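S.K.: One structure, as structure tokens, below. Some questions next.
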Amino acid sequence: ERVSANAGHGLDTSSIEIEEYENSLYKHWKETVLKTFEPIQVSPTIRITPVEEGKKPASAFLLSSSASFDATEGNMEIFIEPGFAFGSGQHETTRMCLRWLQENKSKIKGNSVVDYGSGSGVLAIASLLLGAKRVVATDIEEESIFAIALNTRANGIEQAEKLEALLVDHEKVLRGECRQVQALRSPFLVANILMGPLVELEECFASIVESQGEIALSGILAEQVAEVQAIYSKHFSKFQIVQMNDWALLSAVRKES
């Protein structure tokens, strides 16, 4: 097994068998992606910058001659190592989620956030950089748990108590057999996955998000928003829709329990 049984209890990379990920295929993939992965300007105040494992992150300004981004207070630069996990910031859904987090910075600061379906961990890391006191990042892929650990370290976030990475089984979550997920409670949840699992997880998300808490759902096409909203209307209200090209982000507020 690449991830030990205790991998869901924090970001102690000693519980992860790194050697298996350092085979020639993975190393070749990283090298190829790193050559083509340019700094991504998500918004005027958010930038994602590639970083090579084991090397000190360089500012995006130094990596791009055309960069005018200044990583000072009010701006956010996130360092991501290339890999298999989704969430480099290139996709519209990731960009919309990052913008949603930043727009809610004042409310997120000092609170907890759940990043459900975390992928590379970019949204979890952004939440911490925006002042969240604790983040729980879940994923169904072992590769993502590994990526979250690497990217957290790349961004100078060392305290395991601030970010907990949970490897979850989707079917067990749906059956209510994942105690770690059942125990989660948070005023904020962001999920950038796909419509199918979003629909299936409505009851689960409703149990996680506290009354008057906020949720952001993406990974859905604009044409799917109405169906997703209808399902989430059972426990959520005050819906808002943001669209970028063919993709959408649907946010809402948890109704009083």
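Chains: A, B, ... in order of the structure tokens. Residues: from 1 per chain. Ligands: from 1, in order shown.
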If you run DSSP on this backbone, which residues of region 40-210 of chain A come out as alpha helix (DSSP H), and could you give them as a PyMOL selection string?
M.R.: chain A and resi 60-63+92-103+105-108+122-129+142-154+170-174+179-182+195-200+202-208
S.K.: For a quick check of understanding, using only C-alpha atoms, which of A:Leu128, A:Ile80, A:Val168, A:Phe236 has the smallest distance to Ala216 (chain A)?
M.R.: A:Phe236
S.K.: By how many Å are CA of Glu141 (chain A) and CA of Gln182 (chain A) apart?
M.R.: 19.0 Å
S.K.: Find the spatial neighbours of Gly131 (chain A), counting only C-alpha atoms, within a cut-off of 10 Å - ignore same-chain residues fewer than 6 positions away - and output them as a list in words.
M.R.: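 Once the nearby chain positions are removed, what remains is Lys105, Ser106, Lys107, Ile108, Lys109, Gly110, Asn111 and Ser112 of chain A.
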S.K.: Report the distance between CA of Gln41 (chain A) and CA of Glu77 (chain A) in Å, rounded to one decimal place.
M.R.: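 Value for the CA of Gln41 (chain A)-CA of Glu77 (chain A) distance: 9.4 Å.
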S.K.: Within 10 Å of Glu210 (chain A), counting only C-alpha atoms, which residues show up once you throw out same-chain ones fewer than 5 positions away? Write them as a ChimeraX atom specification, please.
M.R.: /A:184-189,205,215,253-257
S.K.: Here is a test: counting only C-alpha atoms, which residue of A:Ala191, A:Ser120, A:Glu177, A:Asp169 is nearest to Ala149 (chain A)?
M.R.: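 Smallest distance to Ala149 (chain A) is found for A:Ser120.
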S.K.: Which residue out of A:Leu98, A:Leu174, A:Ile241, A:Ile48 has the minimum interatomic distance to Leu130 (chain A) when only C-alpha atoms are used?
M.R.: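 Under the stated criterion, the closest residue is A:Leu98.
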S.K.: So, with only C-alpha atoms as the atoms that count, which of A:Leu221, A:Val135, A:Ile157, A:Met244 lies closest to Glu92 (chain A)?
M.R.: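 Counting only C-alpha atoms, the residue closest to Glu92 (chain A) is A:Met244.
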S.K.: Restricting the calculation to only C-alpha atoms, which member of A:Glu202, A:His91, A:Pro44, A:Ile125 is positioned closest to Glu158 (chain A)?
M.R.: A:Ile125
S.K.: Quick one: of A:Leu150, A:Ile208, A:Ile193, A:Leu201, who's nearest to Arg175 (chain A), counting only C-alpha atoms?
M.R.: A:Leu201
S.K.: Can you tell me which residues surround Gly119 (chain A) at a distance of at most 12 Å, considering only C-alpha atoms, apart from same-chain residues fewer than 4 positions away, and format the answer as a PyMOL selection string?
M.R.: chain A and resi 80+82-89+94+115+123-125+137-151+165-167+191-193
S.K.: Export, as a JSON list (two decimals), in the first residue's frame, the selected residues with C-alpha atoms.
M.R.:
[["chain", "number", "residue", "atom", "x", "y", "z"],
["A", 80, "ILE", "CA", 2.24, 23.63, -6.74],
["A", 82, "PRO", "CA", 3.47, 19.07, -10.98],
["A", 83, "GLY", "CA", 1.93, 15.65, -10.64],
["A", 84, "PHE", "CA", -1.07, 13.47, -11.35],
["A", 85, "ALA", "CA", -3.52, 15.17, -8.98],
["A", 86, "PHE", "CA", -6.12, 17.57, -10.38],
["A", 87, "GLY", "CA", -5.93, 21.21, -9.40],
["A", 88, "SER", "CA", -3.15, 23.16, -11.07],
["A", 89, "GLY", "CA", -5.33, 26.23, -11.54],
["A", 94, "THR", "CA", -10.40, 25.60, -9.93],
["A", 115, "ASP", "CA", -12.06, 20.87, 0.82],
["A", 123, "LEU", "CA", -7.97, 24.96, -2.48],
["A", 124, "ALA", "CA", -7.01, 23.68, 0.96],
["A", 125, "ILE", "CA", -3.70, 25.55, 0.80],
["A", 137, "ALA", "CA", -8.92, 17.92, 2.67],
["A", 138, "THR", "CA", -10.47, 14.69, 1.41],
["A", 139, "ASP", "CA", -9.90, 12.63, -1.70],
["A", 140, "ILE", "CA", -10.59, 9.14, -3.00],
["A", 141, "GLU", "CA", -7.16, 8.87, -4.67],
["A", 142, "GLU", "CA", -3.96, 7.98, -2.83],
["A", 143, "GLU", "CA", -2.00, 10.10, -5.31],
["A", 144, "SER", "CA", -3.89, 13.15, -4.08],
["A", 145, "ILE", "CA", -3.01, 12.50, -0.43],
["A", 146, "PHE", "CA", 0.64, 12.40, -1.48],
["A", 147, "ALA", "CA", 0.25, 15.57, -3.58],
["A", 148, "ILE", "CA", -1.43, 17.44, -0.72],
["A", 149, "ALA", "CA", 1.52, 16.63, 1.54],
["A", 150, "LEU", "CA", 4.08, 17.79, -1.02],
["A", 151, "ASN", "CA", 2.25, 20.98, -1.92],
["A", 165, "ALA", "CA", -5.73, 14.93, 4.64],
["A", 166, "LEU", "CA", -8.32, 12.14, 4.58],
["A", 167, "LEU", "CA", -8.30, 9.26, 2.12],
["A", 191, "ALA", "CA", -16.16, 20.79, -3.53],
["A", 192, "ASN", "CA", -14.71, 20.89, -7.02],
["A", 193, "ILE", "CA", -15.64, 17.45, -8.30]]
